[in-house]
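Text of target_2.cif, listed as mmCIF, C-alpha atoms and all ligand atoms:
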data_coords
loop_
_atom_site.label_atom_id
_atom_site.label_comp_id
_atom_site.auth_asym_id
_atom_site.auth_seq_id
_atom_site.Cartn_x
_atom_site.Cartn_y
_atom_site.Cartn_z
CA MET G 1 16.69 -27.00 22.54
CA VAL G 2 13.69 -25.66 20.63
CA TYR G 3 13.94 -22.03 19.51
CA LYS G 4 11.29 -19.40 19.03
CA ALA G 5 11.04 -18.35 15.39
CA ASN G 6 13.75 -15.83 14.54
CA GLU G 7 15.58 -16.04 17.88
CA PRO G 8 19.31 -15.43 17.25
CA LYS G 9 21.37 -18.60 17.40
CA ILE G 10 24.59 -17.25 18.78
CA VAL G 11 25.21 -18.26 22.33
CA GLY G 12 26.64 -15.53 24.52
CA LEU G 13 26.14 -12.72 22.01
CA THR G 14 25.33 -9.51 23.84
CA PRO G 15 22.47 -7.43 22.45
CA ASP G 16 24.70 -4.54 21.39
CA ARG G 17 26.74 -6.88 19.19
CA GLN G 18 23.72 -8.25 17.43
CA HIS G 19 22.57 -6.89 14.15
CA SER G 20 19.47 -8.20 12.62
CA PHE G 21 21.09 -10.90 10.46
CA TYR G 22 23.91 -12.43 12.53
CA GLY G 23 22.85 -15.91 13.67
CA ARG G 24 19.25 -15.32 12.55
CA ASP G 25 16.90 -17.43 10.49
CA ILE G 26 15.42 -15.87 7.37
CA VAL G 27 11.93 -17.29 7.12
CA SER G 28 9.72 -14.31 6.24
CA VAL G 29 10.30 -10.80 4.96
CA LYS G 30 8.06 -9.59 7.79
CA GLN G 31 11.16 -9.69 9.99
CA PHE G 32 12.92 -6.87 8.10
CA SER G 33 12.96 -3.11 8.61
CA ARG G 34 14.00 -0.55 6.00
CA ASP G 35 17.36 -0.27 7.78
CA ASP G 36 17.90 -4.02 7.43
CA LEU G 37 17.17 -3.79 3.73
CA GLY G 38 19.55 -0.86 3.24
CA TYR G 39 22.23 -2.85 5.08
CA ILE G 40 21.81 -5.99 2.96
CA PHE G 41 21.62 -4.02 -0.30
CA GLY G 42 24.89 -2.24 0.58
CA LEU G 43 26.50 -5.61 1.19
CA ALA G 44 25.11 -6.96 -2.10
CA ASP G 45 26.71 -3.98 -3.90
CA GLU G 46 30.03 -4.92 -2.29
CA MET G 47 29.60 -8.56 -3.33
CA ARG G 48 28.94 -7.47 -6.91
CA GLY G 49 32.14 -5.41 -6.81
CA ILE G 50 34.16 -8.39 -5.53
CA VAL G 51 32.75 -10.75 -8.19
CA LYS G 52 33.35 -8.23 -11.00
CA ARG G 53 36.88 -7.45 -9.84
CA VAL G 54 38.26 -10.80 -8.70
CA GLY G 55 35.50 -13.40 -8.99
CA ALA G 56 35.74 -14.76 -5.46
CA THR G 57 36.94 -14.23 -1.89
CA ASP G 58 37.74 -16.49 1.05
CA LEU G 59 35.41 -14.75 3.53
CA LEU G 60 33.54 -18.00 4.31
CA LYS G 61 36.50 -20.37 3.96
CA GLY G 62 35.89 -23.38 6.19
CA TYR G 63 32.12 -22.82 6.35
CA VAL G 64 29.62 -25.29 4.94
CA LEU G 65 26.12 -24.68 3.55
CA ALA G 66 23.51 -27.46 3.30
CA ASN G 67 21.17 -26.79 0.36
CA LEU G 68 18.04 -28.87 1.06
CA PHE G 69 15.40 -28.76 -1.68
CA TYR G 70 12.11 -30.68 -1.49
CA GLU G 71 10.78 -28.88 -4.59
CA PRO G 72 12.33 -28.18 -8.02
CA SER G 73 14.63 -25.19 -8.43
CA THR G 74 17.07 -23.84 -10.98
CA ARG G 75 17.96 -20.27 -10.00
CA THR G 76 17.59 -20.37 -6.23
CA ALA G 77 19.50 -23.62 -5.75
CA SER G 78 22.33 -22.80 -8.15
CA SER G 79 22.70 -19.19 -7.03
CA PHE G 80 23.05 -20.28 -3.39
CA ILE G 81 25.74 -22.76 -4.47
CA ALA G 82 27.52 -20.14 -6.55
CA ALA G 83 27.21 -17.60 -3.72
CA MET G 84 28.75 -19.97 -1.16
CA GLN G 85 31.53 -21.00 -3.53
CA ARG G 86 32.39 -17.43 -4.47
CA LEU G 87 32.73 -16.72 -0.75
CA GLY G 88 35.17 -19.61 -0.40
CA GLY G 89 32.77 -21.96 1.41
CA ALA G 90 31.56 -25.47 0.59
CA VAL G 91 28.09 -26.87 -0.17
CA ILE G 92 26.20 -30.08 0.62
CA PRO G 93 23.60 -30.19 -2.18
CA ILE G 94 20.46 -32.26 -1.47
CA HIS G 95 18.32 -31.54 -4.50
CA GLY G 96 16.60 -34.85 -4.92
CA VAL G 97 15.15 -35.71 -1.54
CA GLN G 98 13.96 -38.95 -3.15
CA TYR G 99 17.58 -40.11 -2.79
CA SER G 100 17.83 -39.08 0.88
CA SER G 101 16.40 -40.64 4.04
CA VAL G 102 13.26 -38.52 3.53
CA THR G 103 11.94 -41.41 1.40
CA LYS G 104 12.53 -43.71 4.37
CA GLY G 105 10.10 -41.56 6.34
CA GLU G 106 12.52 -39.23 8.13
CA SER G 107 10.82 -36.12 9.53
CA LEU G 108 11.85 -32.56 8.64
CA PRO G 109 13.18 -31.81 12.16
CA ASP G 110 15.36 -34.94 12.11
CA THR G 111 16.69 -34.17 8.62
CA ILE G 112 17.51 -30.63 9.77
CA ARG G 113 19.18 -31.87 12.96
CA THR G 114 21.29 -34.21 10.85
CA LEU G 115 22.44 -31.59 8.37
CA GLU G 116 23.37 -29.09 11.05
CA CYS G 117 25.93 -31.58 12.37
CA TYR G 118 27.82 -31.01 9.13
CA ALA G 119 26.83 -27.51 8.02
CA ASP G 120 26.87 -23.98 9.48
CA VAL G 121 23.75 -22.76 7.67
CA ILE G 122 20.84 -24.55 5.98
CA VAL G 123 18.88 -23.35 2.96
CA LEU G 124 15.48 -25.05 2.79
CA ARG G 125 12.82 -25.21 0.08
CA HIS G 126 9.70 -27.11 1.05
CA PRO G 127 6.16 -27.50 -0.36
CA GLU G 128 4.39 -26.74 2.95
CA VAL G 129 3.65 -23.22 4.15
CA GLY G 130 5.50 -22.61 7.43
CA ALA G 131 7.99 -25.47 6.96
CA SER G 132 10.98 -23.15 7.30
CA GLU G 133 9.62 -21.79 10.58
CA VAL G 134 9.25 -25.33 11.88
CA ALA G 135 12.80 -26.14 10.76
CA ALA G 136 14.06 -22.94 12.40
CA ARG G 137 12.55 -23.93 15.74
CA TYR G 138 14.53 -27.16 15.81
CA ALA G 139 17.80 -26.00 14.26
CA ASN G 140 20.74 -24.65 16.22
CA LYS G 141 22.10 -23.16 13.00
CA PRO G 142 20.46 -20.46 10.85
CA ILE G 143 17.76 -21.61 8.43
CA ILE G 144 17.26 -19.60 5.25
CA SER G 145 13.96 -20.25 3.50
CA ALA G 146 14.23 -20.81 -0.24
CA GLY G 147 10.43 -20.85 -0.55
CA ASP G 148 7.73 -22.59 1.46
CA GLY G 149 4.85 -23.73 -0.74
CA VAL G 150 2.46 -20.88 -1.51
CA GLY G 151 3.72 -18.96 1.53
CA GLU G 152 6.80 -16.83 1.01
CA HIS G 153 10.11 -16.74 -0.83
CA PRO G 154 12.01 -14.22 1.27
CA THR G 155 15.37 -14.24 -0.53
CA GLN G 156 13.57 -13.78 -3.86
CA GLY G 157 11.65 -10.87 -2.32
CA LEU G 158 14.96 -9.30 -1.29
CA LEU G 159 16.55 -9.74 -4.70
CA ASP G 160 13.41 -8.39 -6.38
CA LEU G 161 13.41 -5.27 -4.22
CA TYR G 162 17.16 -4.87 -4.76
CA THR G 163 16.53 -5.09 -8.51
CA ILE G 164 13.90 -2.34 -8.30
CA GLN G 165 16.43 -0.21 -6.43
CA THR G 166 19.24 -0.90 -8.92
CA GLU G 167 17.05 -0.49 -12.03
CA LEU G 168 15.32 2.75 -11.03
CA GLY G 169 17.63 4.12 -8.33
CA HIS G 170 14.90 4.43 -5.69
CA ILE G 171 11.78 2.70 -4.37
CA ASP G 172 9.69 5.41 -2.72
CA GLY G 173 7.26 7.04 -5.11
CA LEU G 174 7.04 4.13 -7.56
CA HIS G 175 3.95 2.51 -9.04
CA VAL G 176 4.52 -1.26 -8.94
CA ALA G 177 2.12 -3.53 -10.84
CA MET G 178 2.16 -7.27 -10.20
CA VAL G 179 0.63 -9.51 -12.85
CA GLY G 180 -0.38 -13.17 -12.95
CA ASP G 181 -0.88 -15.75 -10.21
CA LEU G 182 -1.01 -13.50 -7.16
CA LYS G 183 -2.78 -16.13 -5.10
CA ASN G 184 -0.18 -18.90 -5.31
CA GLY G 185 2.90 -16.93 -6.28
CA ARG G 186 5.05 -16.83 -3.14
CA THR G 187 7.44 -14.30 -4.68
CA VAL G 188 4.53 -11.87 -5.02
CA HIS G 189 3.69 -12.38 -1.35
CA SER G 190 7.22 -11.58 -0.22
CA LEU G 191 7.71 -8.63 -2.56
CA SER G 192 4.35 -7.03 -1.66
CA ARG G 193 5.16 -7.33 2.04
CA LEU G 194 8.51 -5.63 1.47
CA LEU G 195 6.96 -2.87 -0.62
CA ARG G 196 4.56 -2.02 2.20
CA LEU G 197 7.59 -0.45 3.95
CA TYR G 198 7.91 2.12 1.13
CA ASP G 199 5.74 4.90 -0.19
CA THR G 200 4.55 2.91 -3.20
CA GLN G 201 1.39 2.63 -5.24
CA LEU G 202 0.54 -1.05 -5.76
CA SER G 203 -1.60 -2.56 -8.51
CA PHE G 204 -2.52 -6.23 -8.64
CA VAL G 205 -3.50 -7.66 -12.02
CA SER G 206 -4.89 -11.19 -12.08
CA PRO G 207 -7.81 -13.34 -13.15
CA ASN G 208 -10.49 -13.28 -10.48
CA ILE G 209 -9.61 -16.73 -9.12
CA LEU G 210 -5.93 -15.82 -8.67
CA ARG G 211 -6.25 -12.61 -6.64
CA LEU G 212 -3.84 -11.61 -3.88
CA PRO G 213 -4.73 -13.37 -0.58
CA VAL G 214 -6.93 -11.18 1.66
CA GLU G 215 -4.46 -11.53 4.52
CA ILE G 216 -1.70 -9.83 2.52
CA LYS G 217 -4.08 -7.25 1.12
CA GLY G 218 -5.05 -6.43 4.71
CA GLU G 219 -1.38 -6.03 5.72
CA LEU G 220 -0.80 -3.61 2.85
CA GLN G 221 -3.86 -1.57 3.68
CA ALA G 222 -2.90 -1.50 7.37
CA ALA G 223 0.47 -0.09 6.31
CA GLY G 224 -1.35 2.67 4.40
CA ARG G 225 -0.74 1.32 0.91
CA PRO G 226 -3.78 1.66 -1.33
CA VAL G 227 -4.44 -1.58 -3.23
CA PHE G 228 -5.83 -1.42 -6.77
CA GLU G 229 -7.04 -4.70 -8.29
CA THR G 230 -7.95 -5.34 -11.89
CA GLU G 231 -8.06 -8.15 -14.46
CA LYS G 232 -6.63 -5.94 -17.23
CA VAL G 233 -2.95 -5.25 -17.68
CA GLU G 234 -3.89 -2.43 -20.08
CA GLN G 235 -5.22 -0.51 -17.08
CA VAL G 236 -1.79 -0.23 -15.46
CA ILE G 237 0.82 -0.62 -18.20
CA GLU G 238 1.02 3.11 -19.05
CA THR G 239 1.64 4.35 -15.53
CA ALA G 240 3.60 1.51 -13.93
CA ASP G 241 7.28 2.02 -13.11
CA ILE G 242 7.72 -1.69 -12.46
CA VAL G 243 5.71 -4.47 -14.10
CA TYR G 244 6.36 -7.70 -12.20
CA VAL G 245 4.99 -10.67 -14.16
CA THR G 246 4.55 -14.16 -12.71
CA ARG G 247 3.79 -17.67 -13.95
CA VAL G 248 0.49 -19.37 -13.18
CA GLN G 249 1.62 -21.94 -10.60
CA LYS G 250 0.37 -25.14 -12.20
CA GLU G 251 1.66 -27.34 -9.36
CA ARG G 252 -0.69 -25.62 -6.86
CA PHE G 253 -3.91 -26.44 -8.74
CA ALA G 254 -6.02 -29.35 -7.50
CA ASP G 255 -8.17 -29.06 -10.64
CA LEU G 256 -6.09 -28.91 -13.84
CA GLY G 257 -9.16 -27.77 -15.76
CA GLU G 258 -9.04 -24.56 -13.72
CA TYR G 259 -5.36 -24.16 -14.56
CA GLU G 260 -6.06 -24.61 -18.28
CA ALA G 261 -8.67 -21.86 -18.11
CA VAL G 262 -6.24 -19.25 -16.77
CA LYS G 263 -2.78 -20.39 -17.89
CA ASN G 264 -2.57 -18.09 -20.92
CA TYR G 265 -4.35 -15.12 -19.41
CA TYR G 266 -1.50 -12.65 -19.89
CA GLU G 267 1.31 -12.19 -22.36
CA ILE G 268 3.60 -9.18 -22.38
CA THR G 269 4.34 -8.51 -26.05
CA PRO G 270 6.42 -5.88 -27.87
CA GLU G 271 3.10 -4.14 -28.76
CA LEU G 272 2.14 -3.88 -25.09
CA MET G 273 5.64 -2.63 -24.24
CA LYS G 274 5.06 0.31 -26.62
CA LEU G 275 2.41 1.60 -24.21
CA ALA G 276 4.73 1.48 -21.19
CA LYS G 277 6.98 4.22 -19.81
CA LYS G 278 10.47 4.51 -21.31
CA SER G 279 11.90 4.12 -17.80
CA MET G 280 9.73 1.14 -16.81
CA ALA G 281 11.47 -2.09 -15.70
CA LEU G 282 9.89 -5.42 -16.61
CA MET G 283 10.60 -8.13 -14.05
CA HIS G 284 9.81 -11.83 -13.65
CA PRO G 285 11.08 -14.27 -10.98
CA LEU G 286 11.27 -16.96 -13.70
CA PRO G 287 10.72 -19.58 -15.01
CA ARG G 288 8.45 -18.07 -17.66
CA VAL G 289 6.00 -20.29 -19.50
CA GLY G 290 4.53 -17.88 -22.02
CA GLU G 291 3.85 -14.73 -19.94
CA ILE G 292 6.56 -12.68 -21.66
CA HIS G 293 7.12 -13.00 -25.39
CA TYR G 294 10.74 -13.82 -26.31
CA ASP G 295 10.83 -10.77 -28.61
CA VAL G 296 10.61 -8.58 -25.51
CA ASP G 297 14.01 -9.85 -24.29
CA ALA G 298 15.93 -7.39 -26.48
CA ASP G 299 14.05 -4.42 -24.98
CA PRO G 300 16.40 -2.59 -22.57
CA ARG G 301 13.52 -2.47 -20.06
CA ALA G 302 13.50 -6.28 -19.80
CA ALA G 303 15.20 -6.62 -16.41
CA TYR G 304 14.63 -10.31 -15.66
CA PHE G 305 18.11 -11.53 -16.56
CA ARG G 306 19.74 -8.77 -14.51
CA GLN G 307 17.27 -9.67 -11.75
CA MET G 308 18.49 -13.26 -11.59
CA GLU G 309 22.13 -12.18 -11.53
CA ASN G 310 21.28 -9.91 -8.60
CA GLY G 311 20.06 -13.03 -6.79
CA MET G 312 23.62 -14.28 -6.41
CA TYR G 313 24.85 -11.00 -4.88
CA ILE G 314 21.93 -10.87 -2.46
CA ARG G 315 22.53 -14.49 -1.43
CA MET G 316 26.26 -13.83 -0.96
CA ALA G 317 25.32 -10.89 1.26
CA LEU G 318 22.85 -12.97 3.28
CA LEU G 319 25.25 -15.87 3.82
CA ALA G 320 28.01 -13.54 4.98
CA ALA G 321 25.58 -11.66 7.24
CA VAL G 322 23.94 -14.64 8.98
CA LEU G 323 27.39 -16.16 9.56
CA GLY G 324 28.64 -12.95 11.13
CA LYS G 325 31.30 -12.33 8.50
CA ALA G 326 29.89 -9.24 6.89
N1 LIG G 401 11.03 -19.55 -9.04
C1 LIG G 401 9.97 -18.90 -8.31
C2 LIG G 401 9.54 -19.72 -7.11
O1 LIG G 401 10.17 -20.70 -6.78
C3 LIG G 401 8.81 -18.51 -9.18
C4 LIG G 401 8.07 -19.62 -9.85
O2 LIG G 401 8.39 -20.79 -9.67
O3 LIG G 401 7.14 -19.30 -10.60
O4 LIG G 401 8.57 -19.38 -6.45
#
Could you express the structure from this file as structure tokens?
Amino acid sequence: MVYKANEPKIVGLTPDRQHSFYGRDIVSVKQFSRDDLGYIFGLADEMRGIVKRVGATDLLKGYVLANLFYEPSTRTASSFIAAMQRLGGAVIPIHGVQYSSVTKGESLPDTIRTLECYADVIVLRHPEVGASEVAARYANKPIISAGDGVGEHPTQGLLDLYTIQTELGHIDGLHVAMVGDLKNGRTVHSLSRLLRLYDTQLSFVSPNILRLPVEIKGELQAAGRPVFETEKVEQVIETADIVYVTRVQKERFADLGEYEAVKNYYEITPELMKLAKKSMALMHPLPRVGEIHYDVDADPRAAYFRQMENGMYIRMALLAAVLGKA
């Protein structure tokens, strides 16, 4: 059977029993409504409570997650493993596809169809845009995208939005400034698309060659979000409630000379932080390679370590939700 993207994969489930996560793939944040986000954030709060109180639960005992990564990862891969283990489930980690049958020429659909014989849910990171949608069409089990090339990184988008909510207590009314490689940064693509659902003011700060893709800009404008673009972080730092900094994505450059020209374009320093609001939260999906000075880490507004911890609670919530155990 070949599925349409995002068709629920629970045979015999009547529409009134479906909520938007049970048996679903998570391949783009475009599939979510504000209600969905409120639901998943509530669950993430509960997961945080469980971890803080008792460390783990057996909610997903007997369930297996296949973690299939065709690109490097530290946080996403390990937080999915930790999330599954804290829910009592087990993990098949495939983090070096060079040691799998992929090197023998196996196609993505066949690899997916293999893993779903053993697992109940598959997390997939892949270098090609749209790979998770392809995988989702062939899989009988839910596929959760862990990033598809320069496309999207939906679970990062969710944890980023959740972090904004937990840091500032609300999302509507905020001025969010995104800084860095807005062209290739998939986390920026997912977060901007989520923010279009809220009454937010969005600023995009990048070198000219790394501007937000026109397609996403168009989606934001269609949703009534005014888009301000600039090359200068100084133009937004004083009024931003969230400054979301990203790495220049070296691996996406065909011409390394171009990368060299823009790689050190921005650095958030303690001096720059002096200009920002007292209540501002500084975020970064990480890894950082020079965009935020280490001396900023001690500033209470530096939210990037809390942000990565939130990733585990969001991923616990998502796993429980797509497996119908929430
Ligand atoms: N870890 C994030 C990603 O996989 C951000 C980055 O790599 O710069 O997209």
Report as JSON lines the residues of chain G within 7 Å of ligand LIG 401 (chain G), each with its shortest atom pair and distance in Å (one decimal), using all atoms listed in the file, ordered by chain and increasing residue number.
{"residue": "G:Ser73", "atom": "CA", "partner": "G:LIG401", "partner_atom": "O1", "distance": 6.5}
{"residue": "G:Gly147", "atom": "CA", "partner": "G:LIG401", "partner_atom": "O1", "distance": 6.2}
{"residue": "G:His153", "atom": "CA", "partner": "G:LIG401", "partner_atom": "O4", "distance": 6.4}
{"residue": "G:Gly185", "atom": "CA", "partner": "G:LIG401", "partner_atom": "O4", "distance": 6.2}
{"residue": "G:Arg186", "atom": "CA", "partner": "G:LIG401", "partner_atom": "O4", "distance": 5.5}
{"residue": "G:Thr187", "atom": "CA", "partner": "G:LIG401", "partner_atom": "O4", "distance": 5.5}
{"residue": "G:Thr246", "atom": "CA", "partner": "G:LIG401", "partner_atom": "O3", "distance": 6.1}
{"residue": "G:Arg247", "atom": "CA", "partner": "G:LIG401", "partner_atom": "O3", "distance": 5.0}
{"residue": "G:Gln249", "atom": "CA", "partner": "G:LIG401", "partner_atom": "O3", "distance": 6.1}
{"residue": "G:Pro285", "atom": "CA", "partner": "G:LIG401", "partner_atom": "C3", "distance": 5.1}
{"residue": "G:Leu286", "atom": "CA", "partner": "G:LIG401", "partner_atom": "N1", "distance": 5.3}
{"residue": "G:Pro287", "atom": "CA", "partner": "G:LIG401", "partner_atom": "O3", "distance": 5.7}
Pick from G:Val176, G:Phe21, G:Gln221, G:His126, whichever lies nearest to Asp36 in chain G using all atoms listed in the file:
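That would be G:Phe21, the residue with the smallest distance to Asp36 in chain G.
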Please identify all polymer residues lying at most 7 Å from the point (5.2, 0.9, -3.5) (file coordinates), using all atoms listed in the file, and present the result as a list in words.
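Those residues, ordered by chain and then number, are Ile171, Asp172, Gly173, Leu174, His175, Val176, Leu195, Arg196, Tyr198, Asp199, Thr200, Gln201 and Leu202 of chain G.
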Within 12 Å of Gly55 in chain G using all atoms listed in the file, minus same-chain residues under 2 positions, as a PyMOL selection string
chain G and resi 47-53+57-58+82-83+85-88+313
Around the point (11.5, 4.4, 5.5) (coordinates from the file), which residues reach within 8 Å if we count all atoms listed in the file? Answer as a VMD selection string.
chain G and resid 34 to 35 197 to 198
G:Pro154, G:Gly224, G:Pro109, G:Gly311 ranked by distance to Ser79 in chain G, top pick (using only C-alpha atoms)
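Of the candidates, the smallest distance to Ser79 in chain G is held by G:Gly311.
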